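A quick write-up on the structure given underneath.
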Amino acid sequence: MPFKSLDELRAACLDLPAGSEAAANAVARRQDTLTKPQGSLGRLESIAAWLARWQGRDMPQLDRVKVLVFAGNHGVTAQGVSAFPSEVTLQMVANFSDGGAAINQLARIAGAELHVIPLDLDYPTRDFTQGPAMDGEAFLAAVSAGYGAVTKDLDLVCFGEMGIGNTTPAAAISAALFGGGAEKWTGRGTGVDDAGLVRKITAIEAGLKRHAEDLADPLMVAATLGGRELAAILGATLAARHSGVPVLLDGFVCTAAAAPLARLDPAGLAHTLAAHVSAESGHRRLLEALGLPPLLDLGMRLGEGSGACLAVNIVRSALECHARMASFAEAGVSEK
């Protein structure tokens, strides 16, 4: 286990490589020579520079792209916060293995390898209205599982999650980190009715009140209000930064899971892009709070890494234009 204490983890979260300014500048210079008006490809140009910065390569590559989907179960579902029962988490993990989920199709189309990592599904986290979701040992184990899942040979990694009830801890973490109360951050998740929405808000308010003394520390927020799959995404996002692997974040749950890094260091998520903004009401607010403009806005709210996989195709397009377009000189095209 890479992290034996919260202090070790905190030190790792505060020791973040800055990326290669020289590689990003090399991309910008090449972009200005290509057969197009400068800046005319918009965010595709900045995506190419982002890839270069975090890969540390003047010419980025996307030979190995991976989707990591972490799965966990949540004790807070006892409060009636989800439209589906907890056993669906395990059933969907089996569906991933059988190739029957949306993420299987999207990963194939994106040319990405899919790896699903279940985290103690038979042992849900504690109901955070009754106590901390995870004690220190469980939290560090989950963070370490995520950290160990990211390898240095990857060119790009997408994170996804599966966990019935996990929009509730995502909303709780968002409220704890950015304020504004439970109602501001809470949406309908898997499709709860009005009574279910009230139960979610009530549960989150109870959790925020119960753990008020811990909420000044972003890591304690993740431990007391989160879940194993969220903690693993936090660890995986940290590992990607240390290993020079750019990250595409999926929806509300993934973004909330990674958000403690940004609260510990304002540049903590500089190596990430928000793949999309989901239909879950708190996600757009969270992206705005983090300063992460989304690449896509398709009204999705599935999770699984689905939006991140779709965005891989945009990143591939950005790289193809950067790497394969001719310069004005090569094409014999007159510059202005």
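Chain labels run A, B, ... following the order of the structure tokens; each chain numbers its residues from 1, and ligands are numbered from 1 in the order shown.
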
Next on the checklist: Using only C-alpha atoms, which protein or nucleic acid residues come within 8 Å of segment 125-139 of chain A? Drop anything in the same chain fewer than 3 positions from it, and give the result as an MDAnalysis selection string.
Outcome noted: chainID A and resid 5:6 73:78 142:143 203:204 206:207 210:211 223:228 231

For the selection you just gave me, I'd like the residues written to a file as a CSV table (one decimal), in the first residue's frame, keeping N, CA and C atoms.
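Result went into result.csv, see below:
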```csv
chain,number,residue,atom,x,y,z
A,5,SER,N,-0.2,6.5,6.0
A,5,SER,CA,-0.8,7.4,6.9
A,5,SER,C,-1.4,8.6,6.1
A,6,LEU,N,-2.3,9.3,6.8
A,6,LEU,CA,-2.9,10.5,6.1
A,6,LEU,C,-1.8,11.6,5.8
A,73,ASN,N,-19.8,0.2,-2.9
A,73,ASN,CA,-21.2,0.3,-2.3
A,73,ASN,C,-21.2,1.2,-1.1
A,74,HIS,N,-22.4,1.7,-0.8
A,74,HIS,CA,-22.5,2.8,0.2
A,74,HIS,C,-23.6,2.5,1.2
A,75,GLY,N,-23.2,2.7,2.5
A,75,GLY,CA,-24.1,2.5,3.6
A,75,GLY,C,-25.2,3.5,3.6
A,76,VAL,N,-25.0,4.7,3.0
A,76,VAL,CA,-26.0,5.7,3.1
A,76,VAL,C,-27.2,5.4,2.3
A,77,THR,N,-27.2,4.4,1.4
A,77,THR,CA,-28.4,3.9,0.7
A,77,THR,C,-29.5,3.5,1.7
A,78,ALA,N,-29.1,3.2,2.9
A,78,ALA,CA,-30.1,2.8,3.9
A,78,ALA,C,-31.1,4.0,4.2
A,142,ALA,N,-8.4,2.3,0.0
A,142,ALA,CA,-9.0,2.6,-1.3
A,142,ALA,C,-8.2,3.6,-2.1
A,143,VAL,N,-7.7,4.6,-1.5
A,143,VAL,CA,-6.8,5.6,-2.2
A,143,VAL,C,-5.7,4.9,-2.9
A,203,ALA,N,-30.3,13.5,4.3
A,203,ALA,CA,-29.1,12.7,4.7
A,203,ALA,C,-27.8,13.5,4.6
A,204,ILE,N,-27.7,14.3,3.5
A,204,ILE,CA,-26.5,15.1,3.3
A,204,ILE,C,-26.3,16.1,4.4
A,206,ALA,N,-27.5,15.9,7.4
A,206,ALA,CA,-27.2,15.2,8.6
A,206,ALA,C,-25.7,14.8,8.6
A,207,GLY,N,-25.2,14.4,7.5
A,207,GLY,CA,-23.7,14.1,7.4
A,207,GLY,C,-22.9,15.3,7.6
A,210,ARG,N,-23.0,16.2,11.3
A,210,ARG,CA,-22.4,15.2,12.2
A,210,ARG,C,-20.8,15.3,12.1
A,211,HIS,N,-20.3,15.6,10.9
A,211,HIS,CA,-18.9,15.6,10.7
A,211,HIS,C,-18.3,17.0,10.6
A,223,ALA,N,-12.8,11.1,3.3
A,223,ALA,CA,-12.9,9.8,4.1
A,223,ALA,C,-14.3,9.7,4.8
A,224,THR,N,-14.7,10.8,5.4
A,224,THR,CA,-15.9,10.8,6.2
A,224,THR,C,-17.2,10.8,5.4
A,225,LEU,N,-17.2,11.4,4.3
A,225,LEU,CA,-18.4,11.6,3.5
A,225,LEU,C,-18.4,10.8,2.2
A,226,GLY,N,-17.3,10.2,1.8
A,226,GLY,CA,-17.1,9.6,0.4
A,226,GLY,C,-17.4,8.2,0.4
A,227,GLY,N,-16.7,7.5,-0.5
A,227,GLY,CA,-16.9,6.0,-0.7
A,227,GLY,C,-15.6,5.5,-1.2
A,228,ARG,N,-15.5,4.2,-1.3
A,228,ARG,CA,-14.3,3.5,-1.7
A,228,ARG,C,-14.0,3.9,-3.2
A,231,ALA,N,-12.7,7.4,-3.3
A,231,ALA,CA,-11.3,7.5,-2.8
A,231,ALA,C,-10.3,6.9,-3.8
```

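For segment 49-293 of chain A, the set of residues given strand (DSSP E) by DSSP on the backbone reads Val65, Lys66, Val67, Leu68, Val69, Phe70, Ala71, Glu113, Leu114, His115, Val116, Ile117, Pro118, Leu156, Val157, Cys158, Phe159, Gly160, Glu161, Met162, Val247, Leu248, Leu249, Thr272, Leu273 and Ala274 of chain A.
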
I'd like the contact shell of Leu261 of chain A - 9 Å cut-off, only C-alpha atoms, skipping same-chain residues fewer than 2 positions apart - returned as a compact mmCIF listing (two decimals) with C-alpha atoms, in the first residue's frame.
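The resulting file, part.txt, is shown below:
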```txt
# COMPACT_ATOMS: atom_id res chain seq x y z
CA CYS A 13 -0.94 15.65 -2.72
CA LEU A 14 1.25 18.70 -2.15
CA PRO A 218 -10.24 18.03 2.27
CA LEU A 219 -8.86 14.54 2.89
CA LEU A 234 -8.72 10.46 -5.83
CA THR A 237 -5.89 11.15 -10.17
CA LEU A 238 -2.91 11.74 -7.89
CA ALA A 257 -13.88 12.50 -6.00
CA ALA A 258 -10.93 14.39 -7.46
CA ALA A 259 -11.92 17.81 -6.05
CA ARG A 263 -8.64 22.26 -2.46
CA LEU A 264 -5.20 21.18 -1.27
CA ASP A 265 -3.44 22.83 -4.24
CA PRO A 266 -5.17 25.26 -6.64
CA ALA A 267 -3.29 23.62 -9.54
CA GLY A 268 -4.03 20.11 -8.29
CA LEU A 269 -6.26 19.25 -11.25
```

Checklist entry - Which residues in segment 95-301 of chain A does DSSP call helix (DSSP H, G or I)? List them as a PyMOL selection string. => result chain A and resi 95-98+102-110+136-148+167-178+182-185+194-210+212-214+218-225+228-243+252-264+281-290

Next on the checklist: With only C-alpha atoms as the counted atoms, please give the residues lying no more than 12 Å from Gly99 of chain A, apart from itself and same-chain residues fewer than 5 positions off, as an MDAnalysis selection string.
Outcome noted: chainID A and resid 92:94 104:108 114:116

Item to check | Distance of atom CA of Pro293 of chain A from atom CA of Pro37 of chain A, expressed in Å to one decimal place | outcome: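 Here the two named atoms are 23.6 Å from each other.
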
Next on the checklist: If we count only C-alpha atoms and set the cut-off at 12 Å, which residues sit around Met300 of chain A, ignoring sequence neighbours fewer than 6 positions away in its own chain? Please answer as a PyMOL selection string.
Outcome noted: chain A and resi 102+189-190+250-252+275-281+283+306-308+310

Checklist outcome for this item: In terms of only C-alpha atoms, the residue from A:Leu295, A:Ile109, A:Leu249, A:Ala52 at minimal distance from Leu319 of chain A is A:Ala52

Item to check | Distance of atom CA of Lys66 of chain A from atom CA of Gly42 of chain A, expressed in Å to one decimal place | outcome: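 So the two atoms, atom CA of Gly42 of chain A and atom CA of Lys66 of chain A, lie 25.7 Å apart.
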
Checklist entry - Between atom CA of Leu230 of chain A and atom CA of Pro17 of chain A, what is the spacing in Å? => result 22.7 Å

Item to check | Pick from A:Val27, A:Met220, A:Leu248, A:Leu140, whichever lies nearest to Asn313 of chain A using only C-alpha atoms | outcome: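 Answer, going by the shortest atom-to-atom distance: A:Leu248.
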
Checklist entry - Which residue, A:Pro260, A:Ser20, A:Thr272, A:Ser174, has the smallest gap to Pro60 of chain A when you use only C-alpha atoms? => result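 Once distances to Pro60 of chain A are computed over only C-alpha atoms, the minimum belongs to A:Ser20.
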
Checklist outcome for this item: Residue with the minimum atom-to-atom distance to Glu45 of chain A, picked from A:Ser317, A:Gln91, A:Ser334, A:Thr168 with only C-alpha atoms counted, is A:Ser317

Item to check | Among the residues A:Gly19, A:Pro294, A:Gly244, A:Gly282, the one that comes closest to Lys184 of chain A [using only C-alpha atoms] | outcome: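 Looking only at the distances to Lys184 of chain A, the closest residue turns out to be A:Gly282.
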
Checklist entry - Taking into account only C-alpha atoms, which residue in the set A:Ala28, A:Phe84, A:Phe159, A:Met59 is nearest to Asp193 of chain A? => result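 Under the stated criterion, the closest residue is A:Phe84.
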
Checklist entry - Can you list, as a PyMOL selection string, every protein, DNA or RNA residue that comes within 10 Å of Ala71 of chain A when you count only C-alpha atoms, leaving out same-chain residues fewer than 6 positions away? => result chain A and resi 89-90+92-93+116-121+160-164+166+227-230+232+304

Checklist entry - Can you tell me, as a list in words, what residues are no more than 12 Å from Gly191 of chain A when counting only C-alpha atoms, ignoring any on the same chain fewer than 2 positions away? => result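 In the requested format, the answer is Val81, Ser82, Ala83, Phe84, Ile164, Gly165, Thr167, Thr186, Gly187, Arg188, Gly189, Asp193, Asp194, Ala195, Gly196, Leu197, Lys200, Ala279, Glu280, Arg301 and Leu302 of chain A.
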
Keeping C-alpha atoms for every residue in the selection just given, could you write it to a file as a CSV table (one decimal), in the first residue's frame?
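Written file, result.csv:
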```csv
chain,number,residue,atom,x,y,z
A,81,VAL,CA,-31.4,8.0,-1.4
A,82,SER,CA,-31.4,5.8,-4.6
A,83,ALA,CA,-34.0,4.5,-7.0
A,84,PHE,CA,-32.1,1.3,-7.3
A,164,ILE,CA,-25.5,2.7,-6.3
A,165,GLY,CA,-26.2,5.8,-4.2
A,167,THR,CA,-24.3,10.8,-6.1
A,186,THR,CA,-28.1,17.5,-4.7
A,187,GLY,CA,-29.8,16.1,-7.8
A,188,ARG,CA,-32.0,13.1,-8.6
A,189,GLY,CA,-29.1,10.7,-9.4
A,193,ASP,CA,-38.9,11.0,-7.0
A,194,ASP,CA,-39.6,14.2,-5.0
A,195,ALA,CA,-39.7,12.2,-1.7
A,196,GLY,CA,-36.4,10.5,-2.6
A,197,LEU,CA,-34.8,13.9,-3.3
A,200,LYS,CA,-31.0,12.7,-0.1
A,279,ALA,CA,-27.4,16.3,-16.3
A,280,GLU,CA,-26.9,15.9,-12.5
A,301,ARG,CA,-26.0,11.1,-16.4
A,302,LEU,CA,-24.9,7.5,-16.7
```
